[in-house]
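Asks: This one is query-v1.txt, compact mmCIF, C-alpha atoms.
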# COMPACT_ATOMS: atom_id res chain seq x y z
CA MET A 244 143.97 105.72 63.85
CA GLN A 245 141.06 106.64 61.54
CA THR A 246 139.23 109.84 62.38
CA SER A 247 135.55 109.22 63.01
CA ILE A 248 132.64 110.87 61.18
CA THR A 249 130.34 110.48 64.18
CA ASN A 250 130.68 111.88 67.65
CA THR A 251 131.85 109.59 70.46
CA PRO A 252 130.74 109.92 74.12
CA THR A 253 133.79 112.15 74.75
CA ARG A 254 134.71 113.76 71.42
CA TYR A 255 133.18 115.37 68.33
CA GLY A 256 133.41 113.54 64.98
CA TRP A 257 134.56 115.37 61.87
CA ALA A 258 131.01 115.85 60.49
CA THR A 259 130.08 117.95 63.53
CA ILE A 260 133.39 119.81 63.38
CA LEU A 261 133.10 120.51 59.65
CA LEU A 262 129.49 121.73 59.97
CA HIS A 263 130.39 123.86 63.00
CA TRP A 264 133.20 125.76 61.28
CA LEU A 265 131.47 125.99 57.90
CA ILE A 266 128.35 127.45 59.51
CA GLY A 267 130.46 129.73 61.72
CA ILE A 268 132.42 131.13 58.77
CA ILE A 269 129.29 131.61 56.62
CA PHE A 270 127.37 133.17 59.52
CA ILE A 271 130.09 135.74 60.26
CA GLY A 272 130.65 136.26 56.51
CA GLN A 273 126.93 136.87 56.03
CA PHE A 274 126.95 139.50 58.77
CA ALA A 275 129.90 141.30 57.14
CA LEU A 276 128.36 140.95 53.67
CA GLY A 277 124.99 142.23 54.88
CA PHE A 278 126.64 145.19 56.58
CA VAL A 279 128.66 146.15 53.50
CA MET A 280 126.12 145.47 50.73
CA VAL A 281 123.65 148.10 51.95
CA ARG A 282 126.36 150.78 52.24
CA LEU A 283 127.86 150.60 48.74
CA THR A 284 127.65 153.42 46.22
CA SER A 285 127.80 151.05 43.23
CA GLN A 286 124.24 149.85 42.71
CA ARG A 287 125.48 147.05 40.47
CA THR A 288 127.88 145.65 43.07
CA ALA A 289 125.20 146.09 45.74
CA PHE A 290 122.67 144.14 43.64
CA GLU A 291 125.14 141.32 43.01
CA LEU A 292 126.24 141.12 46.65
CA ILE A 293 122.60 141.04 47.80
CA GLN A 294 121.99 138.07 45.48
CA LEU A 295 125.11 136.37 46.91
CA HIS A 296 123.85 137.12 50.44
CA LYS A 297 120.53 135.45 49.55
CA SER A 298 122.31 132.40 48.09
CA LEU A 299 124.53 132.01 51.17
CA GLY A 300 121.49 132.49 53.41
CA PHE A 301 119.74 129.51 51.85
CA LEU A 302 122.97 127.48 52.05
CA LEU A 303 123.16 128.42 55.74
CA LEU A 304 119.56 127.38 56.32
CA GLY A 305 120.25 123.99 54.70
CA LEU A 306 123.45 123.48 56.68
CA ILE A 307 121.88 124.42 60.01
CA ILE A 308 118.99 122.01 59.47
CA LEU A 309 121.58 119.33 58.70
CA ARG A 310 123.56 120.33 61.77
CA ILE A 311 120.54 120.12 64.08
CA ALA A 312 119.51 116.76 62.59
CA TRP A 313 123.06 115.48 63.02
CA ARG A 314 123.18 116.72 66.59
CA LEU A 315 119.87 115.04 67.47
CA GLY A 316 121.04 111.76 65.93
CA ASN A 317 124.47 111.79 67.59
CA ALA A 318 125.87 111.64 71.08
CA THR A 319 126.89 115.03 72.44
CA PRO A 320 130.09 114.91 74.46
CA PRO A 321 129.53 116.38 77.94
CA LEU A 322 131.40 119.45 79.16
CA PRO A 323 134.68 118.75 80.99
CA ALA A 324 134.26 118.01 84.71
CA SER A 325 136.03 121.26 85.57
CA VAL A 326 133.20 123.40 84.14
CA GLY A 327 131.30 125.20 86.88
CA ALA A 328 127.62 124.83 87.78
CA LEU A 329 126.54 128.22 86.36
CA GLU A 330 128.14 127.62 82.97
CA ARG A 331 126.81 124.06 82.94
CA ARG A 332 123.30 125.57 83.04
CA THR A 333 123.83 128.62 80.79
CA ALA A 334 126.01 127.14 78.03
CA PRO A 335 123.20 124.90 76.66
CA LEU A 336 120.88 127.93 76.67
CA ALA A 337 123.44 129.97 74.72
CA HIS A 338 123.82 127.11 72.23
CA LEU A 339 120.04 126.79 71.90
CA ALA A 340 119.86 130.55 71.24
CA LEU A 341 122.60 130.24 68.58
CA TYR A 342 120.62 127.51 66.81
CA ALA A 343 117.43 129.56 67.05
CA PHE A 344 119.10 132.62 65.51
CA GLN A 345 120.71 130.58 62.76
CA ILE A 346 117.20 129.39 61.81
CA ALA A 347 115.46 132.72 62.36
CA LEU A 348 117.95 134.82 60.39
CA PRO A 349 117.65 133.04 57.03
CA LEU A 350 113.88 132.72 57.53
CA SER A 351 113.51 136.46 58.20
CA GLY A 352 115.62 137.17 55.10
CA TRP A 353 113.43 134.83 53.09
CA ALA A 354 110.34 136.65 54.42
CA LEU A 355 111.94 139.97 53.48
CA VAL A 356 112.53 139.02 49.84
CA SER A 357 109.07 137.40 49.71
CA VAL A 358 107.17 140.53 50.76
CA SER A 359 109.43 143.05 48.96
CA THR A 360 107.63 145.23 46.45
CA LEU A 361 110.76 145.02 44.27
CA GLU A 362 109.71 141.41 43.47
CA ILE A 363 113.28 140.33 42.75
CA PRO A 364 113.37 136.57 42.14
CA THR A 365 115.59 134.41 44.32
CA MET A 366 117.91 131.94 42.59
CA PRO A 367 120.40 130.42 45.03
CA PHE A 368 123.75 130.40 43.21
CA ASN A 369 121.78 130.80 39.94
CA LEU A 370 120.81 127.12 40.21
CA PHE A 371 117.04 127.18 40.63
CA VAL A 372 114.22 129.58 41.46
CA MET A 373 113.42 129.53 45.18
CA PRO A 374 109.70 130.20 45.66
CA ASN A 375 108.65 133.03 47.94
CA LEU A 376 107.09 132.38 51.32
CA PRO A 377 103.29 132.76 51.17
CA LEU A 378 103.27 136.26 52.65
CA ALA A 379 101.48 139.34 51.34
CA GLU A 380 103.68 141.83 49.52
CA SER A 381 103.66 145.43 50.73
CA ASP A 382 106.01 148.30 51.55
CA ALA A 383 104.99 148.04 55.22
CA ALA A 384 105.74 144.30 55.36
CA GLU A 385 109.06 144.91 53.62
CA SER A 386 110.03 147.54 56.22
CA PHE A 387 108.98 145.22 59.04
CA TRP A 388 111.00 142.24 57.82
CA ALA A 389 113.99 144.41 56.93
CA ALA A 390 114.02 145.71 60.53
CA ALA A 391 113.46 142.21 61.95
CA HIS A 392 116.31 140.80 59.85
CA TRP A 393 118.58 143.67 60.92
CA TYR A 394 117.85 143.30 64.66
CA LEU A 395 118.16 139.51 64.54
CA ALA A 396 121.52 139.91 62.79
CA TYR A 397 122.89 142.21 65.49
CA VAL A 398 121.69 140.01 68.36
CA GLY A 399 122.91 136.93 66.46
CA ILE A 400 126.39 138.33 65.95
CA ALA A 401 126.50 139.34 69.65
CA LEU A 402 125.74 135.69 70.54
CA VAL A 403 128.52 134.58 68.19
CA ALA A 404 130.92 137.00 69.88
CA LEU A 405 129.90 135.59 73.29
CA HIS A 406 130.42 132.06 71.94
CA ILE A 407 133.92 132.95 70.63
CA ALA A 408 134.83 134.70 73.88
CA ALA A 409 133.72 131.64 75.89
CA ALA A 410 135.76 129.31 73.65
CA LEU A 411 138.87 131.49 74.02
CA ARG A 412 138.35 131.67 77.79
CA HIS A 413 138.23 127.89 77.99
CA HIS A 414 141.38 127.54 75.92
CA PHE A 415 143.59 130.31 77.27
CA LEU A 416 142.34 130.82 80.83
CA LEU A 417 140.85 127.50 81.90
CA HIS A 418 143.20 125.37 79.73
CA ASP A 419 140.54 122.72 79.10
CA SER A 420 139.53 120.80 75.92
CA VAL A 421 136.35 122.74 75.04
CA LEU A 422 137.94 124.53 72.03
CA THR A 423 140.40 121.85 70.92
CA ARG A 424 137.76 119.10 70.77
CA MET A 425 135.92 121.24 68.18
CA ILE A 426 139.15 121.26 66.10
CA THR A 427 140.54 117.72 66.43
CA PRO A 428 138.05 114.98 65.48
CA SER A 429 137.43 111.87 67.53
CA SER A 430 139.17 108.75 66.26
CA GLU A 431 138.20 105.11 65.86
CA GLY A 432 140.52 104.08 68.65
CA GLU A 433 138.61 105.99 71.31
CA MET B 216 91.50 153.78 6.43
CA HIS B 217 91.56 150.43 4.64
CA ALA B 218 92.07 152.10 1.29
CA ARG B 219 94.91 154.13 2.75
CA ILE B 220 96.72 151.08 4.13
CA LEU B 221 96.32 149.50 0.72
CA GLY B 222 97.60 152.73 -0.66
CA PHE B 223 100.66 152.54 1.55
CA ALA B 224 101.21 148.95 0.43
CA ALA B 225 101.05 150.10 -3.13
CA PHE B 226 103.49 152.82 -2.29
CA VAL B 227 106.04 150.51 -0.70
CA ALA B 228 105.69 148.07 -3.56
CA CYS B 229 106.24 150.83 -6.05
CA LEU B 230 103.41 149.48 -8.11
CA ALA B 231 101.27 151.33 -10.54
CA VAL B 232 98.78 152.78 -8.11
CA PRO B 233 95.07 153.06 -8.54
CA ALA B 234 93.65 156.54 -8.36
CA ALA B 235 92.21 156.07 -4.86
CA ALA B 236 95.57 155.04 -3.42
CA ALA B 237 97.49 157.75 -5.16
CA VAL B 238 96.18 160.16 -2.56
CA ALA B 239 97.62 157.94 0.21
CA LEU B 240 100.93 157.73 -1.60
CA SER B 241 101.29 161.43 -1.72
CA ASP B 242 100.14 161.51 1.90
CA ALA B 243 102.70 158.99 3.15
CA ALA B 244 105.87 160.18 1.50
CA GLY B 245 107.72 162.86 3.36
CA SER B 246 109.36 163.66 6.65
CA TYR B 247 107.69 163.15 10.01
CA THR B 248 108.65 164.24 13.47
CA VAL B 249 107.85 161.71 16.17
CA SER B 250 105.24 163.20 18.45
CA PRO B 251 105.78 162.14 22.09
CA ALA B 252 102.12 162.82 22.86
CA GLY B 253 100.85 160.12 20.52
CA SER B 254 103.84 157.78 20.90
CA SER B 255 105.11 155.38 23.52
CA ILE B 256 108.27 153.31 23.98
CA ARG B 257 107.60 150.40 26.29
CA PHE B 258 109.71 147.40 27.19
CA THR B 259 109.34 144.11 29.05
CA ILE B 260 112.02 141.92 30.57
CA GLY B 261 111.13 138.36 31.55
CA LYS B 262 111.89 137.14 35.07
CA ALA B 263 113.10 133.77 36.29
CA GLY B 264 110.13 131.84 37.61
CA GLY B 265 107.68 133.63 35.35
CA GLY B 266 106.32 137.08 34.83
CA GLY B 267 108.41 140.06 34.05
CA PHE B 268 108.70 143.71 34.60
CA ASP B 269 107.52 146.48 32.35
CA GLY B 270 108.85 149.93 31.83
CA ALA B 271 108.61 152.86 29.47
CA PHE B 272 110.64 155.84 28.41
CA ALA B 273 108.76 159.10 28.80
CA ARG B 274 111.12 161.29 26.78
CA PHE B 275 112.41 160.64 23.29
CA LYS B 276 112.58 162.33 19.93
CA GLY B 277 112.84 161.09 16.39
CA THR B 278 112.19 161.52 12.72
CA ILE B 279 110.75 159.21 10.11
CA ARG B 280 111.44 159.94 6.45
CA ILE B 281 109.52 157.93 3.91
CA ASP B 282 111.07 158.05 0.50
CA ASN B 283 108.73 158.87 -2.30
CA GLY B 284 110.01 156.35 -4.82
CA ASP B 285 111.96 153.68 -2.91
CA VAL B 286 110.90 152.45 0.54
CA GLY B 287 114.41 151.03 1.03
CA ARG B 288 115.73 154.55 1.16
CA SER B 289 113.43 155.50 4.00
CA LYS B 290 115.09 156.53 7.26
CA VAL B 291 114.22 156.31 10.94
CA ASP B 292 116.16 158.12 13.63
CA LEU B 293 115.24 157.80 17.27
CA THR B 294 116.85 159.24 20.39
CA ILE B 295 115.72 158.01 23.79
CA TYR B 296 116.59 159.75 27.06
CA PRO B 297 117.14 156.92 29.59
CA GLU B 298 116.82 159.39 32.48
CA SER B 299 113.07 159.30 31.73
CA VAL B 300 112.70 155.55 32.36
CA GLY B 301 109.70 154.62 34.46
CA THR B 302 108.59 151.26 35.85
CA GLY B 303 106.10 152.33 38.50
CA GLN B 304 108.63 151.49 41.23
CA SER B 305 110.92 154.41 42.09
CA ARG B 306 113.69 152.22 43.53
CA ILE B 307 113.86 150.24 40.28
CA ASP B 308 113.86 153.49 38.27
CA ALA B 309 116.81 154.79 40.29
CA PHE B 310 118.61 151.48 39.75
CA LEU B 311 118.01 151.61 35.99
CA ARG B 312 119.25 155.22 35.75
CA SER B 313 122.37 154.43 37.79
CA ASP B 314 125.65 153.14 36.41
CA ALA B 315 124.32 149.62 37.10
CA VAL B 316 122.25 149.90 33.91
CA PHE B 317 121.86 153.04 31.78
CA ASP B 318 124.40 155.29 33.50
CA ALA B 319 122.16 158.15 32.40
CA ALA B 320 124.47 160.77 33.92
CA ASN B 321 127.34 159.82 31.60
CA SER B 322 125.35 158.38 28.70
CA PRO B 323 122.28 160.59 28.51
CA GLU B 324 121.13 159.35 25.08
CA ILE B 325 120.29 156.03 23.50
CA GLN B 326 120.30 156.40 19.73
CA PHE B 327 118.92 154.37 16.87
CA ARG B 328 119.85 155.22 13.30
CA SER B 329 118.33 153.05 10.58
CA THR B 330 120.60 151.68 7.90
CA SER B 331 118.04 149.82 5.81
CA VAL B 332 114.31 149.44 5.52
CA THR B 333 112.97 146.30 3.85
CA ARG B 334 109.34 145.76 3.06
CA THR B 335 108.06 142.45 4.50
CA GLY B 336 104.34 142.68 3.82
CA ASP B 337 101.54 144.90 2.67
CA THR B 338 101.84 147.15 5.69
CA SER B 339 105.02 145.94 7.38
CA ALA B 340 108.72 146.51 7.08
CA LEU B 341 111.92 145.33 8.72
CA VAL B 342 114.01 148.23 9.92
CA THR B 343 117.69 147.50 10.46
CA GLY B 344 119.90 150.03 12.10
CA ARG B 345 122.61 150.86 14.53
CA LEU B 346 121.68 151.12 18.18
CA THR B 347 124.08 153.02 20.42
CA ALA B 348 123.85 152.84 24.20
CA ARG B 349 126.55 153.45 26.80
CA GLY B 350 129.09 154.01 24.03
CA LYS B 351 128.50 150.63 22.39
CA THR B 352 126.97 150.24 18.94
CA PHE B 353 125.42 147.12 17.45
CA ALA B 354 123.11 146.32 14.57
CA GLU B 355 119.51 145.71 15.67
CA LYS B 356 116.33 144.85 13.83
CA PHE B 357 112.83 146.08 14.47
CA THR B 358 109.55 145.20 12.83
CA ALA B 359 107.42 148.18 11.88
CA GLU B 360 103.74 147.75 11.16
CA LEU B 361 101.77 150.63 9.68
CA ASP B 362 99.02 151.38 12.14
CA GLY B 363 97.40 154.39 10.58
CA LEU B 364 97.82 157.14 8.09
CA LYS B 365 95.58 160.15 8.33
CA GLY B 366 96.21 163.59 7.01
CA GLY B 367 99.64 164.66 8.14
CA THR B 368 99.91 161.93 10.75
CA ILE B 369 101.44 158.45 10.40
CA LYS B 370 101.49 155.78 13.07
CA PHE B 371 103.66 152.70 13.34
CA HIS B 372 103.67 149.82 15.79
CA VAL B 373 107.31 148.82 16.24
CA THR B 374 108.53 145.67 18.00
CA GLY B 375 111.94 144.11 18.45
CA ASN B 376 114.20 142.28 20.87
CA VAL B 377 117.52 143.62 22.07
CA LEU B 378 120.20 141.74 24.03
CA ARG B 379 121.11 144.10 26.85
CA SER B 380 124.39 142.34 27.72
CA ARG B 381 126.00 143.76 24.57
CA TYR B 382 125.52 147.27 25.86
CA GLY B 383 127.13 146.61 29.23
CA MET B 384 123.72 146.23 30.90
CA ASP B 385 123.87 142.55 31.80
CA VAL B 386 123.27 143.16 35.52
CA GLY B 387 120.73 140.78 37.03
CA THR B 388 121.03 137.98 34.48
CA PRO B 389 119.86 135.24 34.77
CA LEU B 390 117.29 136.47 37.33
CA TYR B 391 116.14 138.84 34.62
CA SER B 392 116.29 137.85 30.98
CA ASN B 393 119.02 139.20 28.76
CA VAL B 394 116.33 139.82 26.14
CA VAL B 395 114.52 143.15 26.28
CA ASN B 396 111.22 143.08 24.35
CA PHE B 397 110.47 146.50 22.92
CA ASP B 398 106.96 147.53 22.02
CA MET B 399 106.64 151.03 20.61
CA THR B 400 103.98 153.14 19.08
CA LEU B 401 105.54 155.90 17.02
CA MET B 402 103.28 158.61 15.80
CA GLY B 403 104.83 160.98 13.31
CA LYS B 404 103.58 164.39 12.37
CA ARG B 405 104.53 165.79 9.03
CA GLY B 406 107.12 168.48 9.16
Can you dump the structure from the file as structure tokens?
Replies:
Amino acid sequence: MQTSITNTPTRYGWATILLHWLIGIIFIGQFALGFVMVRLTSQRTAFELIQLHKSLGFLLLGLIILRIAWRLGNATPPLPASVGALERRTAPLAHLALYAFQIALPLSGWALVSVSTLEIPTMPFNLFVMPNLPLAESDAAESFWAAAHWYLAYVGIALVALHIAAALRHHFLLHDSVLTRMITPSSEGE
Amino acid sequence: MHARILGFAAFVACLAVPAAAAVALSDAAGSYTVSPAGSSIRFTIGKAGGGGFDGAFARFKGTIRIDNGDVGRSKVDLTIYPESVGTGQSRIDAFLRSDAVFDAANSPEIQFRSTSVTRTGDTSALVTGRLTARGKTFAEKFTAELDGLKGGTIKFHVTGNVLRSRYGMDVGTPLYSNVVNFDMTLMGKRG
């Protein structure tokens, strides 16, 4: 049986699965990187890690736009019948919030570098110069967007933790397919 | 002023000098101490996407010795204290002073010692020398243009490009150019 790129009415295709895990790993990695890079004593390493954080942020923004477009253009397999009424209502809200934070976090980071009085250019992976957002540069704006980015990151990572906890609950306590169907792609034979 | 620049040209060319320029010749030859008050050492580094950032060193010292008979035997020594770097943005200054760039705590001096001076025009010369920063030494070239000679004071406009990567200061490339454009005004006072 060939694995399928697209989702089927009951299973996720490998494009969704690949995007899900790639975004998940980068998102968690970005949180860890962001946490570490502002606490280093080596200014050189800090500078280089901040540039990497910016590059990965733009990659994340591109991937999440792709992910949302793919989701809108594909069937979404419904939750297993065993899932209760409360979770059936709240899970889509949690997923919507995850998407919103994955969009808001890179955008707030982009705003932060755009208004920063340090005026450090942004070159994702040293490939091209990313223009700044049309926002006025000032120390006050920089402080605002730094705080916004920081708060969004903490709420975002809390949502990710909730998402992971829910997936583990489904797998180990409820013994349903919610986690495994995000690991094993759908196949042509289904 | 004009006659004195001509006089300097005559001096560097070691030509038979007219009487009017002979005064300038005797004025120019000698040893000068770089006066920080009348001097400046500025630099610009280009940025990806256009523009650049400017900075200057506030503290430095140096001597200029102009040989009476042979301009090629003239000497320029310059010591810059990187701790005094200023860009108008305190966070960038702290970054430049840190071990990311100058490591001013461990390498408190940047030194230039000329090895040859070659006349390139009536009032200009190419100064080659050894630049030492962060324990690394490379040959660098600067263009010196005579900008004034008055009494016991001589003024040069000095420009040159230095590749910072060679001195272990490549941080931020390619966001920031590897080429540092120096633009200095060195005013020397006799003595």
Asks: Could you check which of A:Leu402, A:Leu376, A:Ile426, A:Ile271 is closest to Pro364 in chain A, using only C-alpha atoms?
Replies: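 Closest candidate: A:Leu376.
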Asks: With all atoms listed in the file considered, list every residue of chain B at most 10 Å from chain A, as number ranges by chain.
Replies: B: 262-265, 267-268, 304-307, 309-311, 313-316, 384-391
Asks: Enter the distance from CA of Ile248 in chain A to CA of Ala318 in chain A, in Å, rounded to one decimal.
Replies: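 Between CA of Ile248 in chain A and CA of Ala318 in chain A the gap is 12.0 Å.
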Asks: Hey, what's within 9 Å of Leu322 in chain A if we count only C-alpha atoms and toss same-chain stuff fewer than 5 positions away? As a PyMOL selection string, please?
Replies: chain A and resi 253+331+420-421
Asks: Contacts of range 336-349 of chain B at 10 Å or less, counting all atoms listed in the file, minus same-chain residues fewer than 6 places along, as a PyMOL selection string?
Replies: chain B and resi 220-228+286-287+289-295+297+314+316-319+321-330+355-363+371-375+377+379+381-384
Asks: Let me make sure I understand: among A:Lys297, A:Trp313, A:Leu329, A:Gly277, which one has the smallest atom-to-atom distance to Leu350 in chain A if we use all atoms listed in the file?
Replies: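 With all atoms listed in the file as the atom set, the closest residue is A:Lys297.
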Asks: So that I can see what lies close to range 269-275 of chain B, please list as a list of chain:residue names the residues with an atom at most 7 Å from it, counting only C-alpha atoms and leaving out residues fewer than 3 positions away in the same chain.
Replies: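 So, after excluding close chain neighbours, the residues are B:Pro251, B:Ile256, B:Arg257, B:Phe258, B:Thr259, B:Ile260, B:Thr294, B:Ile295, B:Tyr296, B:Pro297, B:Ser299, B:Val300, B:Gly301, B:Thr302.
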Asks: Which distance in Å separates CA of His338 in chain A and CA of Ile311 in chain A, to one decimal?
Replies: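 Between CA of His338 in chain A and CA of Ile311 in chain A the gap works out to 11.2 Å.
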Asks: Using all atoms listed in the file, find the one residue out of A:Leu355, A:Ala347, A:Leu262, A:Val326 that sits nearest to Ala379 in chain A.
Replies: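 Closest to Ala379 in chain A of all the choices is A:Leu355.
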Asks: CA of Leu348 in chain A to CA of Gly399 in chain A: how many Å, to one decimal?
Replies: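 Separation between CA of Leu348 in chain A and CA of Gly399 in chain A: 8.1 Å.
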Asks: For Ala337 in chain A, please output as a list in words all residues within 10 Å (counting all atoms listed in the file; exclusion window: fewer than 4 positions along the same chain).
Replies: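 The residues that qualify are Glu330, Arg332, Thr333, Leu341, Tyr342, Ala343, Leu402, Val403, Leu405 and His406 of chain A.
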Asks: Let me make sure I understand: among A:Ala324, A:Val281, A:Ala404, A:Ile266, which one has the smallest atom-to-atom distance to Phe301 in chain A if we use only C-alpha atoms?
Replies: A:Ile266
Asks: Considering all atoms listed in the file, state which residue in the set A:Pro428, A:Gly267, A:Gly256, A:Pro367 is at the smallest distance from Arg314 in chain A.
Replies: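 Of A:Pro428, A:Gly267, A:Gly256, A:Pro367, the one nearest Arg314 in chain A is A:Gly256, counting all atoms listed in the file.
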Asks: Between A:Leu299, A:Ala409, A:Leu422, A:Ala390, which has the minimum distance to Phe270 in chain A (counting only C-alpha atoms)?
Replies: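 Using only C-alpha atoms, the shortest distance to Phe270 in chain A belongs to A:Leu299.
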Asks: Using only C-alpha atoms, determine which residues lie at most 9 Å from Ser386 in chain A, disregarding the query and same-chain residues fewer than 5 positions distant; provide the list as a count of residues only.
Replies: 4
